[in-house]
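**Q** One structure, as structure tokens, below. Some questions next.
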Amino acid sequence: MGEPTGKLRAIAPSFVALGPSGVAIRDRLGHLTPEDEEVLRAVGEHQGRLASLDLKRRCTDGPDHSTDTWAARKRELTKESSSRIAGAITKASHDQWALARRCQAANIQNLDAGIRTLRHRLSLPIGEKGSKRAAGGYRSKREWFNKSRRLAALEARHAAAVRDWQAGRVRVVRGGKRLANTRHHLAEAQLTEEQWRTRWEAERWFLAADGESGKRFGNETIRVTPDGEVSIKLPAPLAHLANSKHGRYTLTAKVSFKHRGEEWADRIEADRAVAYRIHLDVERGRWYLTAAWQRPIVQTVPLATARANGMVSVDTNGDHFAAYRLDPHGNPVGRPHRFPYDLSGSTDHRDAQIRHAITGLLQLDEEHRRPRPSRSKTSTSPQRRRGRSTAAGNGSGSSSPESRPASSKPASCRWPPNRVFPSSLSTRHTPPSGEAGTGRSRWSPRADRCPGTMPPASRSGDAPSGTGSGDGRHRPHTTRVIVWGIGPPRPDQAPEGVTETAHPQRTGSTESRRRVGRERGDPVHPKPFGMRPARTSGSKTRSRTLVRNG
């Protein structure tokens, strides 16, 4: 086989994605009276008929459409409705035609790609192997024959699609192509003809209105007041159904948007544009009101500026978010964080779980970007130690892990060192320091494999003052923080023949004391994190409190 002649696909450079440009919220129109439903059905049916006629005219114009033809269509619709309703209908027809045109172009491209692949594989001998860049021949004569028939069918469909494209002809179904095909398979869909007819008519109704800035509450056709009152501007032929002034009909039902309700209220109180749509869910028998508006496009910062101070990388999983802080070069910094959520239960429970996890991610990002506090002297009291130990598990960024005595087990069972955080043990999805945002920590499974390692002990509340964590004269309290053991084994656990005490007397120069501490396995912390040892006297097992900024 010859060398491939195709070029490699160019990888586009990374960029900062734009935020969402639109918002849509929905609420139920509950407690409607039979008269309300009758008016909604009449208005939807009347305006749906106008929308069907206008869409037909728009598809007939095809590429020859112009502003003059658009204005002519709008003038004819205004006679049977209103100027604003006519504008909404003509705009919806043009958008639907443009969407069908884009789908037609995509279909032509897909057919062309399939034809090229079939022609290539049919031109190869039967059984020839393919490469990484191109497929090989077919495995048998039967498969070759079936694919040749498939090629003929695709070529016919491609030729018909190209003719429609050149003529500007699109095929659009108001109400949906799927629902139209369901009419021929009612038994498989488990529907009667009457049930299908009800759904078909409801999908073809038109009960929508575009917003207008500067108008009262942002919309003149479908108006919603801040207290949730909904009123509709009736078309001219149905003006006799109005129950309010100026040909309007006010519904008895009121809406109250729970999601983004404050943002919606701010918009309508400022008379900013809000689009509305009323539709009927036939299966549930409920009416809904959907509000939508556009957000101003916020100028994004360059990628180099966004990652100048580091970023937070997030990996979405089935039950949690796994986050890691990254430096400007994309390298992980610190320990991973885990934000769990439970997607079982009701919709409100699931939404609350997702919001809680996302809030934790935002707090992590804010902590990462705000300036770090100055170094401060920390207390070694049990209450302060417990508070800092709890903070180590909730991602607050300030922790004070206590040291624990080393065991007589082999070094392979001890916690492995980490250049950045000695107390971390990274796994695939669970951060070693615990679940950030939950206020708790947990031990790594490695503790079960290493019997010599145990949780650190702290002085209980009723122990006498000056009693150390390794004194053995009190019931130990587990702080549930993974730490790195330092120091030699205790005297009662020392190997046979060793008579050296756990901690010799502090005599000699500072250099000798520093050398003894490092010979015992004391990790060297990098200076940028501002960690320093704090020694306490009066304990047989020396405890070190590590202080870290930010």
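Ordered as shown in the structure tokens, chains take letters A, B, and onward, while each chain numbers its residues from 1 and ligands are numbered from 1 in the order shown.
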Running DSSP on the backbone, which parts of range 185-369 of chain A land in helix (DSSP H, G or I), as JSON, numbers by chain?
**A** {"A": [186, 187, 188, 189, 193, 194, 195, 196, 197, 198, 199, 200, 201, 202, 203, 216, 217, 218, 236, 237, 238, 239, 240, 241, 245, 246, 247, 261, 262, 263, 264, 265, 266, 267, 268, 269, 303, 304, 305, 306, 347, 348, 349, 350, 351, 352, 353, 354, 355, 356, 357, 358, 359, 360, 361, 362, 363, 364, 365, 366, 367, 368, 369]}
**Q** Can you tell me which residues surround Gln109 in chain A at a distance of at most 12 Å, considering only C-alpha atoms, apart from same-chain residues fewer than 4 positions away, and format the answer as a VMD selection string?
**A** chain A and resid 102 to 105 113 to 116 154 157 to 159 161 to 162 165
**Q** For Arg133 in chain A, which of A:Trp97, A:Ser52, A:Ile297, A:Thr117 is the closest residue, counting only C-alpha atoms?
**A**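 Comparing A:Trp97, A:Ser52, A:Ile297, A:Thr117 against Arg133 in chain A, the winner is A:Thr117.
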**Q** Which of these residues is nearest to Leu77 in chain A, using only C-alpha atoms: A:Arg223, A:His65, A:His46, A:Arg139?
**A** A:His46
**Q** Please return, as JSON, numbers by chain, all residues of range 30-259 of chain A that DSSP assigns to strand (DSSP E) on the basis of the backbone.
**A** {"A": [208, 209, 222, 223, 224, 229, 230, 231, 232, 233, 248, 249, 250, 251, 252, 253, 254]}
**Q** Go ahead and write the selection's residues with N, CA, C and O atoms as a compact mmCIF listing (two decimals), in the first residue's frame.
**A**
```txt
# COMPACT_ATOMS: atom_id res chain seq x y z
N ALA A 208 -47.19 32.55 21.12
CA ALA A 208 -45.88 33.09 21.47
C ALA A 208 -45.83 34.55 21.10
O ALA A 208 -46.57 35.02 20.21
N ALA A 209 -44.95 35.28 21.77
CA ALA A 209 -44.79 36.72 21.51
C ALA A 209 -43.36 37.12 21.84
O ALA A 209 -42.82 36.72 22.88
N ILE A 222 -48.12 39.30 25.27
CA ILE A 222 -48.32 38.47 26.46
C ILE A 222 -47.63 39.22 27.61
O ILE A 222 -46.40 39.26 27.67
N ARG A 223 -48.42 39.78 28.48
CA ARG A 223 -47.87 40.62 29.55
C ARG A 223 -47.99 39.88 30.88
O ARG A 223 -49.05 39.34 31.22
N VAL A 224 -46.89 39.87 31.62
CA VAL A 224 -46.85 39.25 32.95
C VAL A 224 -46.37 40.31 33.93
O VAL A 224 -45.30 40.88 33.78
N GLU A 229 -49.55 38.08 37.37
CA GLU A 229 -50.78 38.12 36.58
C GLU A 229 -50.45 38.08 35.09
O GLU A 229 -49.59 38.82 34.62
N VAL A 230 -51.15 37.21 34.34
CA VAL A 230 -50.89 37.00 32.91
C VAL A 230 -52.09 37.49 32.11
O VAL A 230 -53.24 37.13 32.40
N SER A 231 -51.80 38.31 31.11
CA SER A 231 -52.85 38.81 30.21
C SER A 231 -52.36 38.70 28.78
O SER A 231 -51.16 38.80 28.51
N ILE A 232 -53.31 38.49 27.85
CA ILE A 232 -53.00 38.25 26.44
C ILE A 232 -53.73 39.28 25.59
O ILE A 232 -54.93 39.56 25.81
N LYS A 233 -53.04 39.83 24.61
CA LYS A 233 -53.66 40.70 23.62
C LYS A 233 -54.32 39.82 22.56
O LYS A 233 -53.65 39.09 21.83
N ARG A 248 -57.88 42.88 25.81
CA ARG A 248 -57.00 41.94 26.47
C ARG A 248 -57.84 40.96 27.29
O ARG A 248 -58.93 41.27 27.76
N TYR A 249 -57.26 39.75 27.46
CA TYR A 249 -57.89 38.72 28.28
C TYR A 249 -56.91 38.37 29.41
O TYR A 249 -55.76 37.98 29.16
N THR A 250 -57.38 38.49 30.65
CA THR A 250 -56.56 38.22 31.82
C THR A 250 -56.92 36.84 32.37
O THR A 250 -58.09 36.55 32.64
N LEU A 251 -55.90 36.00 32.55
CA LEU A 251 -56.10 34.66 33.07
C LEU A 251 -56.26 34.70 34.58
O LEU A 251 -55.71 35.58 35.26
N THR A 252 -56.99 33.72 35.09
CA THR A 252 -57.15 33.63 36.54
C THR A 252 -55.91 33.06 37.22
O THR A 252 -55.68 33.29 38.41
N ALA A 253 -55.13 32.30 36.46
CA ALA A 253 -53.93 31.69 37.04
C ALA A 253 -52.81 32.72 37.13
O ALA A 253 -52.72 33.65 36.32
N LYS A 254 -51.97 32.54 38.12
CA LYS A 254 -50.79 33.38 38.31
C LYS A 254 -49.54 32.52 38.32
O LYS A 254 -49.58 31.35 38.74
```
**Q** So that I can check the surroundings of Pro125 in chain A, please list as a list in words every protein, DNA and RNA residue that reaches within 12 Å of it, counting only C-alpha atoms and ignoring chain neighbours fewer than 4 positions away.
**A** His120, Arg121, Lys129, Gly130, Ala135, Gly136, Gly137, Tyr138, Arg139, Ser140, Lys141 and Trp144 of chain A
**Q** Would you export the selected residues with N, CA and C atoms as a JSON list (two decimals), in the first residue's frame, please?
**A**
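Output file out.json follows:
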```json
[["chain", "number", "residue", "atom", "x", "y", "z"],
["A", 120, "HIS", "N", -14.56, 4.12, -2.18],
["A", 120, "HIS", "CA", -13.19, 3.71, -1.88],
["A", 120, "HIS", "C", -13.12, 2.24, -1.51],
["A", 121, "ARG", "N", -14.01, 1.77, -0.66],
["A", 121, "ARG", "CA", -13.95, 0.38, -0.23],
["A", 121, "ARG", "C", -14.35, -0.59, -1.34],
["A", 129, "LYS", "N", -6.80, -5.58, 3.84],
["A", 129, "LYS", "CA", -6.82, -4.92, 5.14],
["A", 129, "LYS", "C", -6.69, -3.41, 4.99],
["A", 130, "GLY", "N", -7.26, -2.70, 5.94],
["A", 130, "GLY", "CA", -7.18, -1.25, 5.93],
["A", 130, "GLY", "C", -6.02, -0.74, 6.77],
["A", 135, "ALA", "N", -10.21, 2.77, 5.46],
["A", 135, "ALA", "CA", -10.75, 1.42, 5.64],
["A", 135, "ALA", "C", -10.32, 0.53, 4.50],
["A", 136, "GLY", "N", -10.32, -0.77, 4.73],
["A", 136, "GLY", "CA", -9.94, -1.73, 3.71],
["A", 136, "GLY", "C", -11.12, -2.21, 2.89],
["A", 137, "GLY", "N", -10.89, -3.25, 2.14],
["A", 137, "GLY", "CA", -11.96, -3.82, 1.31],
["A", 137, "GLY", "C", -12.95, -4.61, 2.14],
["A", 138, "TYR", "N", -14.05, -4.99, 1.51],
["A", 138, "TYR", "CA", -15.08, -5.75, 2.20],
["A", 138, "TYR", "C", -14.66, -7.20, 2.34],
["A", 139, "ARG", "N", -15.28, -7.89, 3.32],
["A", 139, "ARG", "CA", -14.81, -9.22, 3.68],
["A", 139, "ARG", "C", -15.30, -10.32, 2.76],
["A", 140, "SER", "N", -16.42, -10.11, 2.06],
["A", 140, "SER", "CA", -16.97, -11.17, 1.21],
["A", 140, "SER", "C", -17.66, -10.55, 0.00],
["A", 141, "LYS", "N", -17.96, -11.38, -0.97],
["A", 141, "LYS", "CA", -18.66, -10.91, -2.17],
["A", 141, "LYS", "C", -20.09, -10.49, -1.84],
["A", 144, "TRP", "N", -19.91, -7.07, -0.45],
["A", 144, "TRP", "CA", -19.57, -6.15, -1.53],
["A", 144, "TRP", "C", -20.81, -5.82, -2.37]]
```
**Q** Report as a list of chain:residue names all protein, DNA and RNA residues lying within 8 Å of range 20-23 of chain A, evaluated on only C-alpha atoms, omitting residues in the same chain fewer than 4 positions from it.
**A** A:Ala292, A:Trp293, A:Gln294, A:Arg295, A:Pro296, A:Ile297
**Q** Output all heavy atoms for every residue in the selection just made, as a compact mmCIF listing (two decimals), in the first residue's frame.
**A**
```txt
# COMPACT_ATOMS: atom_id res chain seq x y z
N ALA A 292 -38.28 33.82 28.23
CA ALA A 292 -36.92 33.75 27.70
C ALA A 292 -36.43 35.16 27.41
O ALA A 292 -37.21 36.04 27.04
CB ALA A 292 -36.88 32.89 26.43
N TRP A 293 -35.14 35.36 27.59
CA TRP A 293 -34.51 36.64 27.25
C TRP A 293 -33.04 36.41 26.95
O TRP A 293 -32.48 35.35 27.23
CB TRP A 293 -34.68 37.64 28.41
CG TRP A 293 -34.04 37.24 29.70
CD1 TRP A 293 -32.76 37.46 30.10
CD2 TRP A 293 -34.67 36.51 30.77
NE1 TRP A 293 -32.55 36.92 31.35
CE2 TRP A 293 -33.70 36.36 31.79
CE3 TRP A 293 -35.96 36.00 30.96
CZ2 TRP A 293 -33.99 35.69 32.97
CZ3 TRP A 293 -36.22 35.35 32.15
CH2 TRP A 293 -35.26 35.20 33.14
N GLN A 294 -32.44 37.39 26.36
CA GLN A 294 -31.04 37.33 25.97
C GLN A 294 -30.18 38.08 26.97
O GLN A 294 -30.60 39.10 27.53
CB GLN A 294 -30.82 37.91 24.57
CG GLN A 294 -31.38 37.06 23.45
CD GLN A 294 -31.05 37.63 22.09
OE1 GLN A 294 -30.61 38.76 21.98
NE2 GLN A 294 -31.27 36.85 21.05
N ARG A 295 -28.98 37.58 27.16
CA ARG A 295 -28.02 38.23 28.02
C ARG A 295 -26.99 38.98 27.17
O ARG A 295 -26.65 38.54 26.07
CB ARG A 295 -27.28 37.20 28.88
CG ARG A 295 -28.10 36.67 30.03
CD ARG A 295 -27.28 35.68 30.82
NE ARG A 295 -27.93 35.28 32.06
CZ ARG A 295 -27.41 34.41 32.92
NH1 ARG A 295 -26.26 33.83 32.63
NH2 ARG A 295 -28.04 34.12 34.04
N PRO A 296 -26.49 40.10 27.66
CA PRO A 296 -25.45 40.80 26.91
C PRO A 296 -24.17 39.97 26.86
O PRO A 296 -23.80 39.30 27.84
CB PRO A 296 -25.25 42.10 27.70
CG PRO A 296 -25.75 41.80 29.07
CD PRO A 296 -26.86 40.82 28.89
N ILE A 297 -23.52 39.99 25.73
CA ILE A 297 -22.29 39.22 25.55
C ILE A 297 -21.17 39.89 26.34
O ILE A 297 -20.88 41.08 26.16
CB ILE A 297 -21.93 39.13 24.06
CG1 ILE A 297 -23.05 38.40 23.29
CG2 ILE A 297 -20.61 38.39 23.87
CD1 ILE A 297 -22.81 38.32 21.80
```
**Q** Rounded to one decimal place, report the CA of Ile278 in chain A-CA of Arg260 in chain A distance in Å.
**A**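 Rounded to one decimal, the two atoms are 18.5 Å apart.
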**Q** Pick from A:Ala156, A:Asn309, A:His349, A:Pro13: nearest to Glu367 in chain A, with only C-alpha atoms counted?
**A**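 Smallest separation from Glu367 in chain A among the options: A:Asn309.
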**Q** If you count only C-alpha atoms, which residues fall within 7 Å of range 211-214 of chain A, apart from same-chain ones fewer than 6 positions away, as a list in words?
**A** Asp271, Arg272, Ala273, Val274 and Ala275 of chain A
**Q** Output the selection as a PDB file, in the first residue's frame - N, CA and C atoms for each residue.
**A**
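Listed below is the output, again_34.pdb:
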```pdb
ATOM      1  N   ASP A 271     -38.657  47.265  32.385  1.00  0.00           N
ATOM      2  CA  ASP A 271     -39.262  47.278  31.047  1.00  0.00           C
ATOM      3  C   ASP A 271     -38.280  46.803  29.971  1.00  0.00           C
ATOM      4  N   ARG A 272     -37.558  45.743  30.300  1.00  0.00           N
ATOM      5  CA  ARG A 272     -36.638  45.147  29.326  1.00  0.00           C
ATOM      6  C   ARG A 272     -37.325  43.958  28.659  1.00  0.00           C
ATOM      7  N   ALA A 273     -36.889  43.642  27.425  1.00  0.00           N
ATOM      8  CA  ALA A 273     -37.587  42.664  26.587  1.00  0.00           C
ATOM      9  C   ALA A 273     -37.550  41.270  27.208  1.00  0.00           C
ATOM     10  N   VAL A 274     -38.720  40.616  27.230  1.00  0.00           N
ATOM     11  CA  VAL A 274     -38.859  39.226  27.667  1.00  0.00           C
ATOM     12  C   VAL A 274     -39.854  38.558  26.727  1.00  0.00           C
ATOM     13  N   ALA A 275     -39.447  37.449  26.111  1.00  0.00           N
ATOM     14  CA  ALA A 275     -40.324  36.701  25.209  1.00  0.00           C
ATOM     15  C   ALA A 275     -41.068  35.616  25.993  1.00  0.00           C
TER      16      ALA A 275
END
```
**Q** Which residues are near Ala265 in chain A? Cut-off 12 Å, only C-alpha atoms, ignore same chain within fewer than 4 positions. Put them as a compact mmCIF listing (two decimals) with N, CA and C atoms, in the first residue's frame.
**A**
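To be explicit, this is the file written out as out29.txt:
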```
# COMPACT_ATOMS: atom_id res chain seq x y z
N PHE A 217 -43.53 46.20 31.09
CA PHE A 217 -43.12 44.87 31.52
C PHE A 217 -42.45 44.07 30.40
N GLY A 218 -41.95 44.74 29.37
CA GLY A 218 -41.13 44.09 28.36
C GLY A 218 -41.87 43.32 27.30
N VAL A 224 -46.89 39.87 31.62
CA VAL A 224 -46.85 39.25 32.95
C VAL A 224 -46.37 40.31 33.93
N THR A 225 -47.16 40.59 34.94
CA THR A 225 -46.83 41.60 35.93
C THR A 225 -45.92 41.01 37.01
N PRO A 226 -45.27 41.84 37.81
CA PRO A 226 -44.40 41.30 38.86
C PRO A 226 -45.12 40.40 39.86
N ASP A 227 -46.42 40.59 40.07
CA ASP A 227 -47.14 39.72 41.00
C ASP A 227 -47.65 38.44 40.33
N GLY A 228 -47.30 38.19 39.04
CA GLY A 228 -47.63 36.94 38.38
C GLY A 228 -48.90 36.95 37.57
N VAL A 255 -48.44 33.10 37.86
CA VAL A 255 -47.17 32.37 37.79
C VAL A 255 -46.20 32.97 38.80
N SER A 256 -45.31 32.15 39.24
CA SER A 256 -44.23 32.59 40.14
C SER A 256 -43.00 31.75 39.81
N PHE A 257 -42.08 32.34 39.08
CA PHE A 257 -40.89 31.62 38.63
C PHE A 257 -39.98 31.37 39.83
N LYS A 258 -39.75 30.13 40.13
CA LYS A 258 -38.84 29.78 41.22
C LYS A 258 -37.39 29.91 40.79
N HIS A 259 -37.12 29.45 39.58
CA HIS A 259 -35.74 29.50 39.08
C HIS A 259 -35.50 30.82 38.36
N ARG A 260 -34.50 31.56 38.80
CA ARG A 260 -34.14 32.86 38.24
C ARG A 260 -35.31 33.85 38.31
N GLY A 261 -36.13 33.69 39.33
CA GLY A 261 -37.26 34.60 39.46
C GLY A 261 -36.84 36.02 39.75
N GLU A 269 -39.42 44.83 35.65
CA GLU A 269 -39.59 46.10 36.35
C GLU A 269 -38.84 47.23 35.64
N ALA A 270 -37.78 46.88 34.93
CA ALA A 270 -37.04 47.87 34.14
C ALA A 270 -37.56 47.95 32.71
N ASP A 271 -38.66 47.27 32.39
CA ASP A 271 -39.26 47.28 31.05
C ASP A 271 -38.28 46.80 29.97
N ARG A 272 -37.56 45.74 30.30
CA ARG A 272 -36.64 45.15 29.33
C ARG A 272 -37.32 43.96 28.66
N ALA A 273 -36.89 43.64 27.43
CA ALA A 273 -37.59 42.66 26.59
C ALA A 273 -37.55 41.27 27.21
N VAL A 274 -38.72 40.62 27.23
CA VAL A 274 -38.86 39.23 27.67
C VAL A 274 -39.85 38.56 26.73
N ALA A 291 -40.71 31.82 29.82
CA ALA A 291 -40.14 33.16 29.64
C ALA A 291 -38.69 33.01 29.20
```
**Q** Taking only C-alpha atoms into account, which of A:Glu193, A:Asp112, A:Asp327, A:Asp54 comes nearest Lys91 in chain A?
**A**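 For Lys91 in chain A, the nearest of the candidates is A:Asp54.
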**Q** Separation of CA of Trp287 in chain A and CA of Arg28 in chain A, in Å?
**A** 6.0 Å
**Q** Between CA of Leu122 in chain A and CA of Phe145 in chain A, measure the distance and give it in Å to one decimal.
**A** 9.1 Å
